[in-house]
$ cat upload.cif   # mmCIF, C-alpha atoms
data_entry
#
loop_
_atom_site.label_atom_id
_atom_site.label_comp_id
_atom_site.auth_asym_id
_atom_site.auth_seq_id
_atom_site.Cartn_x
_atom_site.Cartn_y
_atom_site.Cartn_z
CA MET X 1 86.41 89.05 190.53
CA ASN X 2 82.78 89.19 189.37
CA ALA X 3 81.27 87.57 186.28
CA LEU X 4 81.40 90.72 184.21
CA SER X 5 85.06 91.39 184.87
CA THR X 6 85.85 87.76 184.12
CA GLU X 7 84.06 88.04 180.80
CA HIS X 8 85.87 91.21 179.81
CA GLY X 9 89.23 90.53 181.39
CA GLU X 10 91.45 93.44 182.30
CA GLY X 11 89.73 95.72 179.78
CA TYR X 12 86.41 95.66 181.63
CA ALA X 13 85.16 99.20 182.24
CA PRO X 14 82.46 99.68 184.91
CA ILE X 15 81.63 103.08 183.42
CA LEU X 16 80.84 101.58 180.02
CA GLN X 17 78.83 98.81 181.64
CA GLY X 18 76.85 101.32 183.68
CA LEU X 19 76.26 103.44 180.59
CA TRP X 20 75.11 100.44 178.60
CA GLU X 21 72.79 99.21 181.34
CA SER X 22 71.24 102.66 181.69
CA MET X 23 70.63 102.71 177.93
CA ARG X 24 69.12 99.22 177.92
CA THR X 25 66.92 99.66 180.99
CA GLY X 26 63.51 100.67 179.74
CA GLN X 27 64.93 101.80 176.39
CA GLU X 28 65.03 98.54 174.45
CA GLU X 29 62.05 99.53 172.33
CA ILE X 30 63.87 102.66 171.20
CA LEU X 31 67.22 100.92 170.69
CA LEU X 32 65.59 98.24 168.55
CA SER X 33 63.34 100.64 166.66
CA PRO X 34 63.68 100.38 162.85
CA TYR X 35 63.58 104.18 162.74
CA LEU X 36 66.62 104.64 164.99
CA PRO X 37 69.45 104.45 162.38
CA ALA X 38 68.09 107.24 160.17
CA SER X 39 66.91 109.36 163.12
CA TYR X 40 70.27 109.03 164.88
CA ALA X 41 72.16 109.88 161.67
CA PHE X 42 70.08 112.98 161.00
CA LEU X 43 70.03 114.33 164.55
CA THR X 44 73.74 113.81 165.21
CA HIS X 45 74.59 115.49 161.91
CA VAL X 46 72.47 118.54 162.66
CA LEU X 47 73.70 118.85 166.26
CA LEU X 48 77.35 118.48 165.27
CA CYS X 49 76.88 121.23 162.68
CA ALA X 50 75.62 123.70 165.30
CA PRO X 51 79.10 124.97 166.36
CA PHE X 52 79.92 125.74 162.74
CA LEU X 53 76.65 127.61 162.31
CA ALA X 54 77.80 129.77 165.22
CA LEU X 55 81.22 130.23 163.57
CA ASP X 56 79.61 131.26 160.28
CA ALA X 57 77.45 133.78 162.13
CA MET X 58 80.48 135.14 163.99
CA GLY X 59 82.43 135.39 160.75
CA SER X 60 80.38 138.36 159.62
CA VAL X 61 81.58 140.42 162.58
CA CYS X 62 84.84 138.81 163.72
CA GLN X 63 87.98 139.14 161.61
CA ARG X 64 89.75 136.36 163.53
CA VAL X 65 87.08 133.83 162.56
CA ARG X 66 87.30 134.89 158.91
CA THR X 67 91.05 134.21 158.89
CA TRP X 68 90.32 130.58 159.84
CA ARG X 69 88.30 130.07 156.66
CA ILE X 70 90.16 128.09 154.00
CA THR X 71 89.17 130.69 151.40
CA ALA X 72 89.78 133.65 153.70
CA GLY X 73 89.06 136.93 151.97
CA SER X 74 87.70 135.39 148.75
CA ASP X 75 84.45 133.85 149.95
CA PRO X 76 82.14 134.94 152.78
CA PRO X 77 80.64 132.42 155.23
CA PRO X 78 77.35 130.88 154.06
CA SER X 79 74.27 132.86 154.95
CA LEU X 80 71.56 131.73 157.36
CA ARG X 81 69.30 131.32 154.31
CA ARG X 82 71.70 128.78 152.79
CA TRP X 83 71.77 126.87 156.06
CA PHE X 84 67.97 126.84 156.25
CA ASP X 85 67.51 125.73 152.63
CA CYS X 86 70.05 122.95 153.12
CA PHE X 87 68.34 121.81 156.33
CA CYS X 88 64.97 121.59 154.56
CA ARG X 89 66.45 119.54 151.72
CA LEU X 90 68.10 117.14 154.17
CA LEU X 91 64.95 116.71 156.25
CA TYR X 92 62.86 115.99 153.15
CA ARG X 93 65.32 113.40 151.82
CA TYR X 94 65.61 111.64 155.14
CA LEU X 95 61.84 111.43 155.56
CA THR X 96 61.08 110.30 152.01
CA THR X 97 64.06 108.05 151.18
CA VAL X 98 66.53 107.28 153.95
CA LEU X 99 64.08 106.57 156.78
CA PRO X 100 61.89 104.03 154.91
CA ALA X 101 64.86 102.21 153.34
CA THR X 102 66.95 101.90 156.51
CA ALA X 103 63.87 100.90 158.52
CA LEU X 104 63.31 98.00 156.13
CA LEU X 105 66.98 96.97 156.39
CA HIS X 106 66.81 97.16 160.18
CA LEU X 107 63.80 94.85 160.25
CA VAL X 108 65.58 92.33 158.01
CA ARG X 109 68.70 92.33 160.19
CA SER X 110 66.70 91.87 163.45
CA PRO X 111 69.51 93.05 165.79
CA ALA X 112 69.74 91.92 169.41
CA LEU X 113 71.02 93.75 172.48
CA PRO X 114 73.80 91.98 174.43
CA GLU X 115 73.80 92.19 178.21
CA LEU X 116 77.45 93.20 178.52
CA ALA X 117 79.08 96.41 177.38
CA PRO X 118 82.30 96.24 175.35
CA SER X 119 85.62 96.75 177.08
CA CYS X 120 87.38 100.05 176.40
CA TRP X 121 89.88 98.26 174.16
CA GLN X 122 87.13 96.44 172.28
CA LEU X 123 85.26 99.70 171.73
CA PHE X 124 88.40 101.43 170.43
CA VAL X 125 89.34 98.56 168.08
CA GLU X 126 85.82 98.22 166.70
CA VAL X 127 85.40 101.96 166.10
CA PHE X 128 88.83 102.25 164.46
CA ALA X 129 88.21 99.17 162.30
CA CYS X 130 84.85 100.63 161.18
CA LEU X 131 86.49 103.92 160.24
CA LEU X 132 89.17 102.16 158.19
CA LEU X 133 86.61 99.95 156.46
CA PHE X 134 84.23 102.83 155.72
CA ASP X 135 87.16 104.92 154.43
CA THR X 136 88.06 102.09 152.03
CA PHE X 137 84.49 101.57 150.81
CA PHE X 138 84.00 105.30 150.36
CA PHE X 139 87.25 105.69 148.41
CA ILE X 140 86.21 103.00 145.91
CA TRP X 141 82.67 104.34 145.66
CA HIS X 142 83.83 107.95 145.31
CA ILE X 143 86.25 107.22 142.48
CA ALA X 144 83.48 105.36 140.65
CA MET X 145 81.18 108.38 141.08
CA HIS X 146 83.75 110.64 139.42
CA ARG X 147 85.10 108.28 136.76
CA VAL X 148 81.73 107.04 135.42
CA PRO X 149 79.91 110.01 133.84
CA TRP X 150 76.41 108.54 134.29
CA LEU X 151 76.98 107.98 138.02
CA TYR X 152 78.36 111.49 138.45
CA ARG X 153 75.48 113.18 136.61
CA ASN X 154 72.70 111.20 138.24
CA ILE X 155 74.00 110.59 141.76
CA HIS X 156 77.03 112.63 142.82
CA GLN X 157 76.84 115.93 140.95
CA GLN X 158 74.32 117.41 143.34
CA HIS X 159 76.83 117.26 146.19
CA HIS X 160 79.33 119.22 144.08
CA GLN X 161 77.00 122.17 143.72
CA HIS X 162 78.92 123.39 146.77
CA HIS X 163 82.26 124.48 145.33
CA ILE X 164 83.07 125.79 148.79
CA PRO X 165 81.19 123.49 151.17
CA PHE X 166 79.94 124.28 154.66
CA ALA X 167 79.26 121.95 157.58
CA LEU X 168 75.61 121.09 156.95
CA ALA X 169 76.36 120.44 153.26
CA ALA X 170 78.34 117.33 154.20
CA GLN X 171 75.09 115.42 153.62
CA ASP X 172 73.58 117.69 150.98
CA SER X 173 73.48 115.02 148.29
CA SER X 174 70.96 113.31 146.08
CA PRO X 175 68.55 111.03 147.97
CA LEU X 176 70.21 107.92 146.53
CA GLU X 177 73.71 109.07 147.49
CA LEU X 178 72.57 109.97 150.98
CA LEU X 179 71.04 106.51 151.39
CA LEU X 180 74.08 104.74 149.94
CA LEU X 181 76.46 106.52 152.31
CA LEU X 182 74.41 105.58 155.35
CA LEU X 183 74.25 101.98 154.12
CA LEU X 184 78.03 101.96 153.71
CA ALA X 185 78.39 103.06 157.33
CA LEU X 186 75.82 100.55 158.60
CA ASN X 187 77.40 97.69 156.66
CA SER X 188 80.89 98.64 157.86
CA ALA X 189 79.69 98.19 161.44
CA TRP X 190 77.91 94.96 160.50
CA LEU X 191 81.01 93.48 158.84
CA VAL X 192 83.19 94.35 161.82
CA GLY X 193 80.60 92.77 164.13
CA CYS X 194 80.34 95.82 166.35
CA HIS X 195 78.75 95.91 169.75
CA PRO X 196 75.77 98.34 169.53
CA LEU X 197 77.59 100.80 171.80
CA SER X 198 80.67 100.69 169.56
CA GLU X 199 78.46 101.18 166.52
CA ALA X 200 76.84 104.24 168.08
CA VAL X 201 80.28 105.74 168.80
CA PHE X 202 81.45 104.92 165.27
CA HIS X 203 78.47 106.71 163.69
CA LEU X 204 79.07 109.70 165.97
CA VAL X 205 82.78 109.92 165.05
CA ASN X 206 81.97 109.30 161.39
CA SER X 207 79.46 112.17 161.41
CA TRP X 208 81.89 114.51 163.13
CA LEU X 209 84.69 113.78 160.65
CA ALA X 210 82.31 114.40 157.72
CA VAL X 211 81.14 117.68 159.22
CA GLU X 212 84.69 118.81 159.95
CA ASP X 213 85.80 117.90 156.40
CA HIS X 214 83.09 120.12 154.90
CA CYS X 215 83.13 122.96 157.43
CA GLY X 216 85.22 125.34 155.31
CA TYR X 217 87.57 126.16 158.20
CA ASN X 218 91.18 125.22 158.86
CA LEU X 219 90.80 125.49 162.61
CA PRO X 220 93.81 125.51 164.97
CA TRP X 221 92.31 122.60 166.96
CA ALA X 222 91.12 120.54 163.97
CA LEU X 223 91.81 116.80 164.12
CA HIS X 224 93.97 116.78 160.98
CA ARG X 225 96.43 119.05 162.78
CA LEU X 226 96.75 116.51 165.58
CA LEU X 227 96.70 113.36 163.40
CA PRO X 228 98.77 113.68 160.19
CA CYS X 229 97.05 110.58 158.76
CA LEU X 230 93.86 112.65 158.32
CA GLY X 231 93.34 114.98 155.39
CA GLY X 232 90.83 117.31 157.01
CA ALA X 233 88.90 120.24 155.58
CA PRO X 234 91.77 121.69 153.47
CA CYS X 235 92.20 118.37 151.62
CA HIS X 236 88.49 118.03 151.01
CA GLN X 237 88.26 121.62 149.86
CA ALA X 238 90.86 120.73 147.23
CA HIS X 239 88.60 117.88 146.10
CA HIS X 240 85.57 120.15 145.76
CA THR X 241 87.64 122.60 143.72
CA LEU X 242 89.70 120.25 141.54
CA HIS X 243 87.36 117.19 141.52
CA SER X 244 90.09 114.70 140.53
CA VAL X 245 92.04 114.48 143.80
CA ASN X 246 91.60 113.47 147.45
CA TYR X 247 88.82 110.92 147.05
CA ALA X 248 89.13 109.30 150.49
CA PRO X 249 86.88 110.89 153.11
CA TYR X 250 89.23 110.95 156.09
CA PHE X 251 92.55 109.15 155.86
CA THR X 252 95.17 109.89 153.20
CA HIS X 253 96.75 106.46 152.63
CA TRP X 254 94.55 105.35 149.70
CA ASP X 255 95.05 108.61 147.80
CA LEU X 256 98.80 108.44 148.43
CA LEU X 257 98.90 104.83 147.24
CA PHE X 258 96.95 105.49 144.03
CA GLY X 259 98.52 108.86 143.24
CA THR X 260 95.36 110.91 143.73
CA TYR X 261 96.55 112.84 146.77
CA ARG X 262 96.98 116.60 146.51
CA ALA X 263 98.46 118.39 149.48
CA PRO X 264 96.48 121.47 150.58
CA VAL X 265 99.63 123.62 150.48
CA GLN X 266 100.24 122.66 146.84
CA TYR X 267 96.59 123.30 146.06
CA LEU X 268 96.64 126.76 147.64
CA GLN X 269 99.84 127.67 145.84
CA ALA X 270 98.34 126.52 142.54
CA GLU X 271 95.35 128.75 143.14
#
$ encode --input "upload.cif" --output "structure tokens"
Amino acid sequence: MNALSTEHGEGYAPILQGLWESMRTGQEEILLSPYLPASYAFLTHVLLCAPFLALDAMGSVCQRVRTWRITAGSDPPPSLRRWFDCFCRLLYRYLTTVLPATALLHLVRSPALPELAPSCWQLFVEVFACLLLFDTFFFIWHIAMHRVPWLYRNIHQQHHQHHIPFALAAQDSSPLELLLLLLLALNSAWLVGCHPLSEAVFHLVNSWLAVEDHCGYNLPWALHRLLPCLGGAPCHQAHHTLHSVNYAPYFTHWDLLFGTYRAPVQYLQAE
């Protein structure tokens, strides 16, 4: 048994170690760049939205796609113009607010790159712990945004301009809100003590869940259909319509515990 497998025990994964070594070899300057967190957040968000841009384009000609929309028949898919305007707003806010602030934080933290990759089990536990922690932080923050009028008017209201959100609008928020959400994600990973590879996976999963929540579609293969603990796009659509329910971003346990959960079926029947 070699040194790496001894270090990681039975959970050692040569594939992860090979992936990590390929990322570290000659790429340390990029991985340690203060501009990486904001750049990674923006690029992953835009790329993960691309399939939903295709769905919105197909919705104008394909009846089957339109039936997947949560508001089927009452609201058309967002136009290409709306997508472009939203993209420009996001790019401007990242360049003027998020990038400088997260670069400064990154320099203060001075992260280091370990030689070993995480085991598969370690990666899973760290990513799951980050999601639970971020979900908790977001729930508290989100309730405050809605219950304190000044916070809602000056920080959160801009996100609610989308009564029926679409994928790219998941991050269409005020510059301060956009920055705060990224800081919540970064600090969740920091508190868990994530390996950099686990942190990268967490941010990827976090971005995907946010995009799926705002996509406007109740897709047959959506994650909330596979995992009942997730609210998914129908639950978040209820939040954007009713404002006083479903504050948690992904999981449903906090809303169930505090009585703020509204099932999508009940919401649709009420409408």
$ closest_atom_pairs --input "upload.cif" --of "region 227-253 of chain X" --to "region 152-176 of chain X" --cutoff "8 Å" --atoms "all atoms listed in the file" --output "JSON lines"
{"residue": "X:Gln237", "atom": "CA", "partner": "X:Ile164", "partner_atom": "CA", "distance": 6.7}
{"residue": "X:His240", "atom": "CA", "partner": "X:His163", "partner_atom": "CA", "distance": 5.5}
{"residue": "X:Thr241", "atom": "CA", "partner": "X:His163", "partner_atom": "CA", "distance": 5.9}
$ closest_residue --input "upload.cif" --among "X:Cys194, X:Ala112, X:Cys86, X:Val46" --to "Phe128 (chain X)" --atoms "all atoms listed in the file"
X:Cys194
$ closest_residue --input "upload.cif" --among "X:Leu184, X:Ala103, X:Val205, X:Leu191" --to "Phe139 (chain X)" --atoms "all atoms listed in the file"
X:Leu184
$ resolve_selection --input "upload.cif" --expression "the PyMOL selection byres ((chain X and resi 211) around 8)" --output "ChimeraX atom specification"
/X:45,48-49,167-168,170,207-210,212-215
$ closest_residue --input "upload.cif" --among "X:Leu256, X:Tyr217, X:Leu226, X:Leu105" --to "Arg69 (chain X)" --atoms "all atoms listed in the file"
X:Tyr217
$ atom_distance --input "upload.cif" --atom1 "CA of Leu91 (chain X)" --atom2 "CA of Leu47 (chain X)"
13.5 Å
$ resolve_selection --input "upload.cif" --expression "the PyMOL selection byres ((chain X and resi 201) around 12)" --output "count of residues only"
30
$ atom_distance --input "upload.cif" --atom1 "CA of Leu113 (chain X)" --atom2 "CA of Leu181 (chain X)"
24.5 Å
